[in-house]
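Novice: my_file26.cif is reproduced below (mmCIF, C-alpha atoms).
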data_protein
loop_
_atom_site.label_atom_id
_atom_site.label_comp_id
_atom_site.auth_asym_id
_atom_site.auth_seq_id
_atom_site.Cartn_x
_atom_site.Cartn_y
_atom_site.Cartn_z
CA MET J 1 0.00 0.00 0.00
CA PRO J 2 1.44 3.46 -0.91
CA PHE J 3 2.69 5.50 2.00
CA THR J 4 -0.01 8.21 1.67
CA LYS J 5 -2.86 5.67 1.86
CA ARG J 6 -1.24 3.93 4.85
CA LEU J 7 -0.97 7.30 6.62
CA ILE J 8 -4.63 8.12 5.98
CA VAL J 9 -5.82 4.71 7.21
CA ALA J 10 -3.73 5.02 10.38
CA LEU J 11 -5.07 8.49 11.15
CA VAL J 12 -8.67 7.39 10.62
CA LEU J 13 -8.23 4.39 12.93
CA ALA J 14 -6.54 6.49 15.61
CA THR J 15 -9.30 9.11 15.54
CA ALA J 16 -12.08 6.52 15.67
CA THR J 17 -10.37 4.66 18.53
CA ALA J 18 -10.05 7.85 20.58
CA ALA J 19 -13.67 8.80 19.94
CA PHE J 20 -15.30 5.53 20.81
CA ALA J 21 -13.00 4.16 23.51
CA ALA J 22 -14.40 3.47 27.00
CA PRO J 23 -15.74 6.74 28.51
CA THR J 24 -13.72 8.54 31.15
CA GLY J 25 -14.18 11.51 33.46
CA THR J 26 -17.59 13.09 33.10
CA ALA J 27 -19.12 10.05 31.39
CA GLN J 28 -18.03 7.76 34.21
CA GLN J 29 -19.28 10.25 36.78
CA ALA J 30 -22.68 10.27 35.09
CA ALA J 31 -22.78 6.47 35.13
CA GLY J 32 -21.89 6.42 38.84
CA SER J 33 -24.51 9.04 39.60
CA ALA J 34 -27.19 6.92 37.97
CA GLN J 35 -26.31 4.05 40.30
CA CYS J 36 -25.85 6.03 43.55
CA ALA J 37 -28.33 8.78 44.31
CA ASN J 38 -25.87 10.92 46.29
CA ARG J 39 -22.72 10.30 44.31
CA GLU J 40 -22.40 13.99 43.35
CA THR J 41 -24.57 16.01 45.73
CA PRO J 42 -26.46 15.65 49.01
CA PRO J 43 -30.23 15.17 48.89
CA PRO J 44 -32.34 18.25 48.10
CA PRO J 45 -32.69 20.67 51.04
CA VAL J 46 -35.89 20.65 53.04
CA ASP J 47 -35.97 24.41 53.68
CA THR J 48 -34.67 27.68 52.21
CA SER J 49 -31.33 27.73 54.02
CA GLU J 50 -29.41 26.78 50.88
CA GLN J 51 -30.94 29.30 48.52
CA PRO J 52 -28.18 31.53 47.13
CA ALA J 53 -28.31 35.26 47.79
CA PRO J 54 -29.90 37.31 44.99
CA GLY J 55 -27.56 37.54 42.03
CA VAL J 56 -25.27 34.81 43.36
CA LYS J 57 -25.04 31.38 41.74
CA ALA J 58 -24.84 28.24 43.83
CA PRO J 59 -21.44 26.56 43.47
CA PRO J 60 -21.32 23.53 41.16
CA ALA J 61 -21.08 20.04 42.56
CA LEU J 62 -17.59 18.88 43.49
CA ASP J 63 -15.92 16.64 40.92
CA VAL J 64 -16.23 12.93 41.59
CA PRO J 65 -12.81 11.23 41.57
CA GLU J 66 -12.35 8.75 38.74
CA LYS J 67 -11.54 6.06 41.31
CA PRO J 68 -13.05 6.00 44.81
CA ILE J 69 -10.60 7.34 47.38
CA GLY J 70 -9.60 4.52 49.70
CA GLY J 71 -10.34 1.60 47.40
CA ASP J 72 -12.72 0.42 44.69
CA ARG J 73 -15.23 -1.16 47.05
CA LEU J 74 -15.79 2.17 48.77
CA GLY J 75 -17.45 3.38 45.59
CA GLU J 76 -20.40 1.08 46.31
CA CYS J 77 -23.46 2.77 47.75
CA GLY J 78 -24.96 -0.11 49.71
CA LEU J 79 -23.68 -2.19 52.61
CA ILE J 80 -19.95 -3.00 52.31
CA LEU J 81 -18.57 -5.81 54.46
CA PRO J 82 -15.57 -8.16 54.37
CA PRO J 83 -16.33 -11.73 53.21
CA ASN J 84 -18.19 -13.97 55.66
CA GLN J 85 -18.82 -11.11 58.08
CA ALA J 86 -21.95 -11.05 60.22
CA GLN J 87 -24.54 -8.40 59.44
CA PRO J 88 -24.30 -5.07 61.33
CA PRO J 89 -26.65 -4.36 64.24
CA SER J 90 -30.25 -3.43 63.50
CA GLY J 91 -31.68 0.00 64.14
CA ILE J 92 -29.02 2.06 62.32
CA THR J 93 -30.92 4.93 60.72
CA ALA J 94 -28.05 6.77 59.04
CA ALA J 95 -28.14 7.14 55.26
CA SER J 96 -24.33 6.80 55.26
CA TRP J 97 -22.04 5.34 57.91
CA MET J 98 -18.54 3.96 58.31
CA LEU J 99 -16.28 2.12 60.75
CA ALA J 100 -12.49 2.36 60.46
CA ASP J 101 -9.37 1.54 62.43
CA MET J 102 -7.77 4.87 63.35
CA ASP J 103 -4.25 3.48 63.54
CA SER J 104 -4.01 1.10 60.58
CA GLY J 105 -6.48 3.11 58.51
CA ALA J 106 -8.41 -0.03 57.54
CA VAL J 107 -12.08 0.60 56.70
CA ILE J 108 -13.78 -2.40 58.26
CA ALA J 109 -17.43 -1.80 57.35
CA ALA J 110 -19.44 0.90 55.63
CA TYR J 111 -22.71 1.92 54.05
CA ASP J 112 -22.46 4.35 51.10
CA PRO J 113 -19.20 5.79 52.49
CA HIS J 114 -18.66 8.27 49.64
CA GLY J 115 -22.32 9.25 49.40
CA ARG J 116 -22.42 13.02 49.71
CA GLN J 117 -24.28 14.39 52.69
CA ARG J 118 -24.23 17.51 54.83
CA PRO J 119 -21.98 17.59 57.90
CA ALA J 120 -23.84 19.98 60.22
CA SER J 121 -21.63 20.67 63.26
CA VAL J 122 -19.21 17.81 62.66
CA ILE J 123 -17.51 20.24 60.24
CA LYS J 124 -16.30 21.99 63.40
CA VAL J 125 -13.75 19.16 63.64
CA LEU J 126 -12.18 20.50 60.44
CA LEU J 127 -12.22 24.07 61.78
CA ALA J 128 -10.68 22.90 65.06
CA MET J 129 -7.96 21.05 63.15
CA VAL J 130 -6.97 24.22 61.29
CA VAL J 131 -7.03 26.19 64.55
CA ALA J 132 -4.86 23.58 66.31
CA LYS J 133 -2.40 23.72 63.42
CA GLU J 134 -2.15 27.51 63.13
CA LEU J 135 -2.93 29.10 66.52
CA ARG J 136 -1.28 28.68 69.92
CA GLY J 137 -3.65 27.69 72.67
CA ASP J 138 -2.62 30.58 74.93
CA VAL J 139 -3.30 33.32 72.36
CA VAL J 140 -5.96 35.74 73.66
CA VAL J 141 -8.84 36.61 71.32
CA THR J 142 -11.37 39.44 71.79
CA ALA J 143 -14.96 38.62 70.80
CA SER J 144 -16.88 41.03 68.58
CA ALA J 145 -20.53 42.02 68.41
CA GLU J 146 -20.83 40.04 65.16
CA ASP J 147 -19.60 36.92 66.96
CA THR J 148 -22.36 37.22 69.54
CA GLN J 149 -25.09 37.55 66.87
CA GLN J 150 -24.59 34.17 65.18
CA GLU J 151 -27.44 31.71 64.79
CA CYS J 152 -27.19 29.51 67.88
CA THR J 153 -26.37 27.02 69.48
CA CYS J 154 -24.00 29.39 71.27
CA VAL J 155 -21.69 29.32 74.27
CA GLY J 156 -22.59 32.90 75.18
CA LEU J 157 -19.66 35.10 74.24
CA LYS J 158 -19.59 38.72 75.37
CA ASP J 159 -18.88 41.56 72.98
CA GLY J 160 -15.38 42.68 73.99
CA GLY J 161 -14.85 39.59 76.14
CA GLN J 162 -11.42 38.01 76.03
CA TYR J 163 -10.79 34.27 75.70
CA THR J 164 -7.83 32.06 74.97
CA VAL J 165 -7.81 29.93 71.84
CA ARG J 166 -7.78 26.89 74.13
CA GLN J 167 -10.97 28.02 75.86
CA LEU J 168 -12.61 28.73 72.50
CA LEU J 169 -11.67 25.26 71.21
CA GLN J 170 -13.33 23.75 74.25
CA GLY J 171 -16.46 25.80 73.65
CA LEU J 172 -16.41 24.76 69.99
CA LEU J 173 -16.06 21.03 70.61
CA LEU J 174 -17.92 20.46 73.87
CA THR J 175 -21.05 22.57 73.33
CA SER J 176 -20.79 23.28 69.59
CA GLY J 177 -20.78 27.06 69.92
CA ASN J 178 -21.54 28.79 66.63
CA ASP J 179 -20.48 32.10 68.19
CA VAL J 180 -17.13 30.50 69.01
CA ALA J 181 -16.80 29.14 65.45
CA HIS J 182 -17.21 32.67 64.08
CA THR J 183 -14.67 34.06 66.55
CA LEU J 184 -12.07 31.45 65.62
CA ALA J 185 -12.75 32.04 61.91
CA ARG J 186 -12.05 35.74 62.41
CA GLN J 187 -8.80 34.87 64.16
CA LEU J 188 -7.81 32.81 61.12
CA GLY J 189 -8.13 35.92 58.94
CA GLY J 190 -11.88 36.24 58.53
CA VAL J 191 -14.61 33.81 57.54
CA PRO J 192 -13.70 33.57 53.80
CA ASN J 193 -10.04 32.96 54.64
CA ALA J 194 -10.94 30.41 57.32
CA LEU J 195 -13.13 28.52 54.84
CA ARG J 196 -10.33 28.58 52.30
CA LYS J 197 -7.99 27.07 54.88
CA MET J 198 -10.55 24.46 55.93
CA ASN J 199 -11.16 23.36 52.36
CA ALA J 200 -7.44 23.32 51.60
CA MET J 201 -6.91 21.09 54.63
CA ALA J 202 -9.69 18.74 53.50
CA LYS J 203 -8.16 18.47 50.04
CA GLU J 204 -4.70 17.87 51.52
CA LEU J 205 -6.09 14.99 53.60
CA GLY J 206 -7.80 13.43 50.58
CA ALA J 207 -11.31 14.40 51.73
CA LEU J 208 -12.45 15.20 48.20
CA ASP J 209 -16.20 14.93 48.94
CA THR J 210 -15.95 17.82 51.40
CA ARG J 211 -16.65 21.51 50.93
CA ALA J 212 -17.18 23.72 53.98
CA GLN J 213 -19.36 26.75 53.26
CA THR J 214 -19.74 27.94 56.84
CA PRO J 215 -17.24 27.49 59.71
CA SER J 216 -20.00 26.28 62.03
CA GLY J 217 -21.70 23.73 59.76
CA LEU J 218 -24.90 25.72 59.29
CA ASP J 219 -26.40 24.82 55.92
CA ALA J 220 -25.34 26.88 52.90
CA PRO J 221 -25.31 26.33 49.13
CA GLY J 222 -22.67 23.83 48.07
CA THR J 223 -22.05 22.28 51.50
CA SER J 224 -20.89 18.67 51.17
CA THR J 225 -19.04 15.85 52.92
CA SER J 226 -19.18 12.05 53.24
CA ALA J 227 -18.83 9.44 55.96
CA TYR J 228 -15.41 8.54 54.56
CA ASP J 229 -14.25 12.15 54.65
CA VAL J 230 -15.48 12.78 58.19
CA ALA J 231 -13.54 9.73 59.42
CA LEU J 232 -10.46 10.94 57.55
CA ILE J 233 -10.77 14.44 59.03
CA PHE J 234 -11.34 13.19 62.59
CA ARG J 235 -8.35 10.87 62.31
CA GLY J 236 -6.21 13.78 61.17
CA ALA J 237 -7.49 16.12 63.89
CA MET J 238 -6.68 13.61 66.65
CA LYS J 239 -2.99 13.96 65.76
CA TYR J 240 -3.05 17.49 67.22
CA ASP J 241 -2.72 17.54 71.02
CA GLU J 242 -4.86 20.67 71.47
CA PHE J 243 -7.73 18.99 69.65
CA ALA J 244 -7.30 15.55 71.26
CA GLN J 245 -7.18 17.06 74.77
CA ALA J 246 -10.21 19.30 74.24
CA VAL J 247 -12.51 16.79 72.55
CA LYS J 248 -12.23 14.22 75.35
CA LEU J 249 -13.03 16.57 78.25
CA PRO J 250 -16.25 15.67 80.08
CA GLN J 251 -16.50 19.27 81.32
CA ALA J 252 -14.57 22.53 81.17
CA GLN J 253 -14.75 25.92 82.88
CA PHE J 254 -15.43 28.89 80.62
CA PRO J 255 -15.57 32.67 81.27
CA GLY J 256 -19.17 33.68 82.02
CA ARG J 257 -20.92 36.40 80.07
CA ASN J 258 -21.69 38.28 83.28
CA GLY J 259 -18.47 37.54 85.10
CA GLY J 260 -17.16 34.50 86.91
CA THR J 261 -17.12 31.15 85.15
CA ILE J 262 -19.67 28.72 83.76
CA MET J 263 -19.33 24.98 83.29
CA LEU J 264 -19.41 23.56 79.77
CA THR J 265 -20.58 19.94 79.53
CA ASN J 266 -19.59 17.71 76.61
CA ASP J 267 -22.67 17.03 74.48
CA ASN J 268 -21.14 13.80 73.17
CA ARG J 269 -23.03 11.25 75.28
CA LEU J 270 -20.49 8.51 74.61
CA MET J 271 -17.95 10.31 76.78
CA ALA J 272 -20.09 9.47 79.79
CA ASN J 273 -21.75 6.25 78.62
CA TYR J 274 -19.27 4.28 76.52
CA GLU J 275 -16.20 2.62 77.99
CA GLY J 276 -13.06 3.66 76.15
CA ALA J 277 -14.58 6.71 74.42
CA ILE J 278 -11.83 9.16 73.43
CA GLY J 279 -13.80 11.93 71.75
CA GLY J 280 -16.48 12.81 69.26
CA LYS J 281 -18.74 15.47 67.81
CA THR J 282 -22.46 15.67 67.21
CA GLY J 283 -24.38 17.80 64.74
CA PHE J 284 -27.85 18.65 63.50
CA THR J 285 -29.55 20.90 60.97
CA ASP J 286 -32.89 20.49 59.23
CA ASP J 287 -31.15 19.66 55.95
CA ALA J 288 -28.35 17.50 57.38
CA GLN J 289 -30.48 15.75 60.00
CA HIS J 290 -28.43 14.12 62.78
CA THR J 291 -24.71 13.59 62.26
CA TYR J 292 -22.03 12.07 64.47
CA VAL J 293 -18.35 11.19 64.54
CA GLY J 294 -16.65 9.56 67.51
CA ALA J 295 -13.87 7.23 68.51
CA ALA J 296 -13.16 4.68 71.22
CA GLU J 297 -10.27 2.49 72.31
CA ARG J 298 -10.44 -1.13 73.43
CA ASN J 299 -7.50 -3.50 74.03
CA GLY J 300 -5.12 -1.15 72.29
CA ARG J 301 -7.32 -0.82 69.21
CA ARG J 302 -8.87 2.53 68.26
CA LEU J 303 -11.94 2.73 66.03
CA VAL J 304 -13.70 5.73 64.55
CA VAL J 305 -17.38 5.65 63.64
CA VAL J 306 -19.31 8.13 61.48
CA LEU J 307 -23.06 8.42 60.92
CA LEU J 308 -24.60 10.98 58.54
CA ARG J 309 -28.25 11.89 57.95
CA GLY J 310 -29.49 9.79 60.84
CA GLN J 311 -32.59 9.94 63.00
CA GLN J 312 -32.96 9.95 66.79
CA GLN J 313 -35.83 7.46 66.77
CA PRO J 314 -36.14 4.74 67.77
CA THR J 315 -32.53 4.95 69.01
CA HIS J 316 -30.49 8.05 69.82
CA ILE J 317 -27.75 8.68 67.27
CA THR J 318 -24.96 8.24 69.84
CA ASN J 319 -26.45 4.91 70.92
CA GLN J 320 -26.43 3.84 67.27
CA ALA J 321 -22.75 4.81 67.21
CA ALA J 322 -22.14 2.69 70.31
CA LYS J 323 -23.77 -0.33 68.66
CA LEU J 324 -21.59 0.08 65.59
CA LEU J 325 -18.45 0.43 67.72
CA ASP J 326 -19.31 -2.80 69.57
CA TYR J 327 -19.82 -4.45 66.21
CA GLY J 328 -16.49 -3.12 64.93
CA PHE J 329 -14.52 -4.26 67.96
CA GLY J 330 -15.91 -7.74 67.39
CA MET J 331 -14.59 -7.84 63.82
CA GLY J 332 -11.19 -9.00 62.67
CA PRO J 333 -8.42 -6.78 61.32
CA GLY J 334 -9.39 -7.24 57.66
CA GLY J 335 -11.06 -4.46 55.74
CA VAL J 336 -12.85 -3.28 52.62
CA GLY J 337 -10.73 -0.20 52.00
CA LYS J 338 -8.37 2.26 53.64
CA LEU J 339 -8.24 5.75 55.08
CA VAL J 340 -5.61 7.38 52.88
CA ASP J 341 -2.63 9.22 54.32
CA GLY J 342 -3.04 12.23 52.05
CA ALA J 343 -4.62 13.29 48.81
CA PRO J 344 -3.77 11.17 45.76
CA GLN J 345 -1.30 13.03 43.58
CA PRO J 346 -1.64 13.11 39.78
CA LYS J 347 1.39 12.12 37.71
CA ALA J 348 3.66 15.02 36.85
CA ASN J 349 3.84 16.14 33.24
CA VAL J 350 7.40 15.84 31.95
CA VAL J 351 8.44 18.84 29.85
CA PRO J 352 11.71 18.54 27.86
CA THR J 353 14.18 21.35 28.47
CA GLN J 354 15.09 23.59 25.56
CA GLY J 355 18.52 25.13 25.02
CA ASN J 356 20.10 26.22 28.28
CA ASP J 357 16.81 26.49 30.18
CA THR J 358 17.42 24.60 33.43
CA ASN J 359 14.43 25.79 35.41
CA SER J 360 12.78 22.38 35.63
CA ASP J 361 12.25 19.20 33.70
CA VAL J 362 8.91 18.64 35.41
CA ALA J 363 5.81 20.80 35.39
CA ALA J 364 4.08 20.11 38.68
CA ALA J 365 0.40 19.23 38.38
CA ASP J 366 -2.12 21.46 40.11
CA PRO J 367 -2.79 19.93 43.55
CA GLY J 368 -6.37 21.17 43.24
CA ASP J 369 -6.89 18.47 40.63
CA ALA J 370 -5.98 15.65 43.03
CA GLY J 371 -8.25 12.69 42.55
CA ARG J 372 -9.82 14.07 39.37
CA PRO J 373 -9.65 12.34 36.00
CA THR J 374 -6.54 13.25 33.99
CA PRO J 375 -7.60 15.07 30.82
CA THR J 376 -6.94 13.26 27.55
CA ALA J 377 -5.97 14.83 24.23
CA PHE J 378 -9.68 14.90 23.33
CA GLY J 379 -10.98 15.96 26.76
CA THR J 380 -13.69 14.08 28.59
CA VAL J 381 -16.71 15.21 26.54
CA GLY J 382 -17.49 15.72 22.89
CA LEU J 383 -15.45 12.78 21.62
CA PRO J 384 -17.90 11.77 18.85
CA ILE J 385 -17.93 15.37 17.57
CA THR J 386 -14.14 15.40 17.59
CA ALA J 387 -14.09 12.11 15.69
CA ILE J 388 -16.49 13.35 13.02
CA ALA J 389 -14.48 16.54 12.54
CA GLY J 390 -11.25 14.54 12.34
CA ILE J 391 -12.64 12.07 9.83
CA GLY J 392 -14.00 14.95 7.73
CA LEU J 393 -10.58 16.56 7.71
CA LEU J 394 -8.93 13.31 6.69
CA ALA J 395 -11.47 12.84 3.90
CA ALA J 396 -10.67 16.33 2.58
CA VAL J 397 -6.95 15.49 2.60
CA PHE J 398 -7.67 12.25 0.73
CA LEU J 399 -9.71 14.08 -1.95
CA TYR J 400 -7.03 16.73 -2.32
CA ILE J 401 -4.33 14.09 -2.92
CA ARG J 402 -6.54 12.20 -5.37
CA ASN J 403 -7.32 15.35 -7.35
CA LYS J 404 -3.66 16.31 -7.41
CA ARG J 405 -2.75 12.88 -8.81
CA ALA J 406 -5.49 13.13 -11.45
CA LYS J 407 -4.22 16.52 -12.61
CA ALA J 408 -0.68 15.16 -12.85
CA ALA J 409 -1.90 12.20 -14.94
CA ARG J 410 -3.77 14.53 -17.34
CA ALA J 411 -0.67 16.68 -17.72
CA ARG J 412 1.41 13.63 -18.62
CA ARG J 413 -1.12 12.51 -21.24
CA GLN J 414 -1.28 15.98 -22.79
CA ALA J 415 2.52 16.16 -22.94
CA ALA J 416 2.66 12.76 -24.69
CA GLN J 417 0.13 13.84 -27.35
CA ALA J 418 1.72 17.22 -28.14
CA PRO J 419 3.81 17.58 -31.45
CA GLN J 420 7.49 16.99 -30.92
CA GLY J 421 9.76 19.98 -31.60
CA VAL J 422 12.55 19.93 -34.43
#
Do you think you could lay out the structure here as structure tokens?

Specialist:
Amino acid sequence: MPFTKRLIVALVLATATAAFAAPTGTAQQAAGSAQCANRETPPPPVDTSEQPAPGVKAPPALDVPEKPIGGDRLGECGLILPPNQAQPPSGITAASWMLADMDSGAVIAAYDPHGRQRPASVIKVLLAMVVAKELRGDVVVTASAEDTQQECTCVGLKDGGQYTVRQLLQGLLLTSGNDVAHTLARQLGGVPNALRKMNAMAKELGALDTRAQTPSGLDAPGTSTSAYDVALIFRGAMKYDEFAQAVKLPQAQFPGRNGGTIMLTNDNRLMANYEGAIGGKTGFTDDAQHTYVGAAERNGRRLVVVLLRGQQQPTHITNQAAKLLDYGFGMGPGGVGKLVDGAPQPKANVVPTQGNDTNSDVAAADPGDAGRPTPTAFGTVGLPITAIAGIGLLAAVFLYIRNKRAKAARARRQAAQAPQGV
């Protein structure tokens, strides 16, 4: 076969293969969404709390990673158990839940672990983690009037009152103070900056289902998390001493609004009722329903349990957590996935150096794309259109070459028929 024809055939085959190969990126996300109702977004809100302000668009859904973070099985949206494992206890009302070993990272049982839900006040664990990382516990913070006007639950801050970061962390974690959350967010540079830091921390951990839109966990457009992410965040937060010490306190003294001190009591019932409990956080909003994350230690083994979009009837959410912890401690060390030790990193793009340019041989990939599908030469959508355009171009090239050959043949015939010179 002449070289030109071989080239055309190869180009046509390459274009067709690229166009009709197995779908990636957006197409796979759409397929996953059809199978799992909350693969991309939480359920619709039940009130108006997530309506954007006039003239403001709601943020788009977070990208769904091409592969489930933590292992393929964690992409399932039903019950996920190791082989030959007994069924979990009855009476668990959560739409998503997970059990994991905090030390090994093994996910030992789950139900729709990457299903996207709302966190409510369990997002305060992420805020507390950023605070523990960036602020010293003895730093003194002055509360503002705006802090005292937040939608409660509130500790009861006083405009102009002074508190240490350590005291504010205790108010945040023990009694879920929304006024305290706002105060700490201001100390981190203001609410927008605090949210940026919270979301950057989530992405760094590999919690790619999570987007904090308020520092307190009050519902807002675009809010999202998952049982897997909450476990990942809690595990990370427990590595900070300020957090670990505060979250396990049964009670703590706090400056009173009118002078003196008041006693804060931990609203995590497991601290008083479950042997080995080492900390946890509750949450509730109308849209999120009841949420919980907590951990306990038994015989040197530490487990974390997460429940999202649960109900208090017929069993209180913390009692459901206790039943799942008992179940988890009775299971072996095997698992169905893993809590990752950081966000998955995309492969770097190698760029050849030119001349004497020695800046870098590697262009670092944007860390914001961690866990997202790597774009192909044709993108992730519009492949059939690209194929048709490519085939049309190749057809035009083929016709051009054929016409050129025909003209050359006519010229040769005309030259042969012309009278010979003398």

Novice: Which residues, written as a PDB file with C-alpha atoms, keeping the file's coordinate frame, have at least one atom at most 12 Å from Gln312 of chain J, with all atoms listed in the file counted and residues fewer than 4 positions away on the same chain left out?

Specialist:
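result14.pdb was written with the following content:
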ATOM      1  CA  GLY J  91     -31.680   0.000  64.140  1.00  0.00           C
ATOM      2  CA  ILE J  92     -29.020   2.060  62.320  1.00  0.00           C
ATOM      3  CA  THR J  93     -30.920   4.930  60.720  1.00  0.00           C
ATOM      4  CA  ALA J  94     -28.050   6.770  59.040  1.00  0.00           C
ATOM      5  CA  THR J 282     -22.460  15.670  67.210  1.00  0.00           C
ATOM      6  CA  GLY J 283     -24.380  17.800  64.740  1.00  0.00           C
ATOM      7  CA  PHE J 284     -27.850  18.650  63.500  1.00  0.00           C
ATOM      8  CA  GLN J 289     -30.480  15.750  60.000  1.00  0.00           C
ATOM      9  CA  HIS J 290     -28.430  14.120  62.780  1.00  0.00           C
ATOM     10  CA  THR J 291     -24.710  13.590  62.260  1.00  0.00           C
ATOM     11  CA  TYR J 292     -22.030  12.070  64.470  1.00  0.00           C
ATOM     12  CA  LEU J 307     -23.060   8.420  60.920  1.00  0.00           C
ATOM     13  CA  LEU J 308     -24.600  10.980  58.540  1.00  0.00           C
ATOM     14  CA  HIS J 316     -30.490   8.050  69.820  1.00  0.00           C
ATOM     15  CA  ILE J 317     -27.750   8.680  67.270  1.00  0.00           C
ATOM     16  CA  THR J 318     -24.960   8.240  69.840  1.00  0.00           C
ATOM     17  CA  ASN J 319     -26.450   4.910  70.920  1.00  0.00           C
ATOM     18  CA  GLN J 320     -26.430   3.840  67.270  1.00  0.00           C
ATOM     19  CA  ALA J 321     -22.750   4.810  67.210  1.00  0.00           C
TER      20      ALA J 321
END

Novice: Might you spell out which residues the PyMOL selection byres ((chain J and resi 244-254) around 9) would select in the displayed file, as a PDB file with C-alpha atoms, keeping the file's coordinate frame?

Specialist:
ATOM      1  CA  VAL J 155     -21.690  29.320  74.270  1.00  0.00           C
ATOM      2  CA  TYR J 163     -10.790  34.270  75.700  1.00  0.00           C
ATOM      3  CA  ARG J 166      -7.780  26.890  74.130  1.00  0.00           C
ATOM      4  CA  GLN J 167     -10.970  28.020  75.860  1.00  0.00           C
ATOM      5  CA  LEU J 168     -12.610  28.730  72.500  1.00  0.00           C
ATOM      6  CA  LEU J 169     -11.670  25.260  71.210  1.00  0.00           C
ATOM      7  CA  GLN J 170     -13.330  23.750  74.250  1.00  0.00           C
ATOM      8  CA  GLY J 171     -16.460  25.800  73.650  1.00  0.00           C
ATOM      9  CA  LEU J 173     -16.060  21.030  70.610  1.00  0.00           C
ATOM     10  CA  LEU J 174     -17.920  20.460  73.870  1.00  0.00           C
ATOM     11  CA  ALA J 237      -7.490  16.120  63.890  1.00  0.00           C
ATOM     12  CA  MET J 238      -6.680  13.610  66.650  1.00  0.00           C
ATOM     13  CA  LYS J 239      -2.990  13.960  65.760  1.00  0.00           C
ATOM     14  CA  TYR J 240      -3.050  17.490  67.220  1.00  0.00           C
ATOM     15  CA  ASP J 241      -2.720  17.540  71.020  1.00  0.00           C
ATOM     16  CA  GLU J 242      -4.860  20.670  71.470  1.00  0.00           C
ATOM     17  CA  PHE J 243      -7.730  18.990  69.650  1.00  0.00           C
ATOM     18  CA  PRO J 255     -15.570  32.670  81.270  1.00  0.00           C
ATOM     19  CA  GLY J 256     -19.170  33.680  82.020  1.00  0.00           C
ATOM     20  CA  GLY J 260     -17.160  34.500  86.910  1.00  0.00           C
ATOM     21  CA  THR J 261     -17.120  31.150  85.150  1.00  0.00           C
ATOM     22  CA  ILE J 262     -19.670  28.720  83.760  1.00  0.00           C
ATOM     23  CA  MET J 263     -19.330  24.980  83.290  1.00  0.00           C
ATOM     24  CA  LEU J 264     -19.410  23.560  79.770  1.00  0.00           C
ATOM     25  CA  THR J 265     -20.580  19.940  79.530  1.00  0.00           C
ATOM     26  CA  ASN J 266     -19.590  17.710  76.610  1.00  0.00           C
ATOM     27  CA  ASP J 267     -22.670  17.030  74.480  1.00  0.00           C
ATOM     28  CA  ASN J 268     -21.140  13.800  73.170  1.00  0.00           C
ATOM     29  CA  MET J 271     -17.950  10.310  76.780  1.00  0.00           C
ATOM     30  CA  ALA J 272     -20.090   9.470  79.790  1.00  0.00           C
ATOM     31  CA  ALA J 277     -14.580   6.710  74.420  1.00  0.00           C
ATOM     32  CA  ILE J 278     -11.830   9.160  73.430  1.00  0.00           C
ATOM     33  CA  GLY J 279     -13.800  11.930  71.750  1.00  0.00           C
ATOM     34  CA  GLY J 280     -16.480  12.810  69.260  1.00  0.00           C
ATOM     35  CA  LYS J 281     -18.740  15.470  67.810  1.00  0.00           C
TER      36      LYS J 281
END

Novice: What is the atom CA of Gly330 of chain J to atom CA of Asp229 of chain J distance in Å?

Specialist: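 Distance between the two atoms: 23.7 Å.
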
Novice: Show me, as a short mmCIF file (atom, residue, chain, number, x, y, z; two decimals) with C-alpha atoms, in the frame of the given file, the residues that have an atom within 10 Å of Asp159 of chain J when counting all atoms listed in the file, minus same-chain residues fewer than 4 positions from it.

Specialist:
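The result, stored in around.cif:
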data_model
loop_
_atom_site.label_atom_id
_atom_site.label_comp_id
_atom_site.auth_asym_id
_atom_site.auth_seq_id
_atom_site.Cartn_x
_atom_site.Cartn_y
_atom_site.Cartn_z
CA THR J 142 -11.37 39.44 71.79
CA ALA J 143 -14.96 38.62 70.80
CA SER J 144 -16.88 41.03 68.58
CA ALA J 145 -20.53 42.02 68.41
CA GLU J 146 -20.83 40.04 65.16
CA ASP J 147 -19.60 36.92 66.96
CA THR J 148 -22.36 37.22 69.54
CA GLN J 149 -25.09 37.55 66.87
CA ARG J 257 -20.92 36.40 80.07
#

Novice: List, as a PDB file with C-alpha atoms, keeping the file's coordinate frame, every residue that the PyMOL selection byres ((chain J and resi 235) around 9) selects in the file provided.

Specialist:
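What follows is the written file expr-v8.pdb:
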ATOM      1  CA  MET J 102      -7.770   4.870  63.350  1.00  0.00           C
ATOM      2  CA  ASP J 103      -4.250   3.480  63.540  1.00  0.00           C
ATOM      3  CA  GLY J 105      -6.480   3.110  58.510  1.00  0.00           C
ATOM      4  CA  VAL J 230     -15.480  12.780  58.190  1.00  0.00           C
ATOM      5  CA  ALA J 231     -13.540   9.730  59.420  1.00  0.00           C
ATOM      6  CA  LEU J 232     -10.460  10.940  57.550  1.00  0.00           C
ATOM      7  CA  ILE J 233     -10.770  14.440  59.030  1.00  0.00           C
ATOM      8  CA  PHE J 234     -11.340  13.190  62.590  1.00  0.00           C
ATOM      9  CA  GLY J 236      -6.210  13.780  61.170  1.00  0.00           C
ATOM     10  CA  ALA J 237      -7.490  16.120  63.890  1.00  0.00           C
ATOM     11  CA  MET J 238      -6.680  13.610  66.650  1.00  0.00           C
ATOM     12  CA  LYS J 239      -2.990  13.960  65.760  1.00  0.00           C
ATOM     13  CA  VAL J 304     -13.700   5.730  64.550  1.00  0.00           C
ATOM     14  CA  LEU J 339      -8.240   5.750  55.080  1.00  0.00           C
TER      15      LEU J 339
END
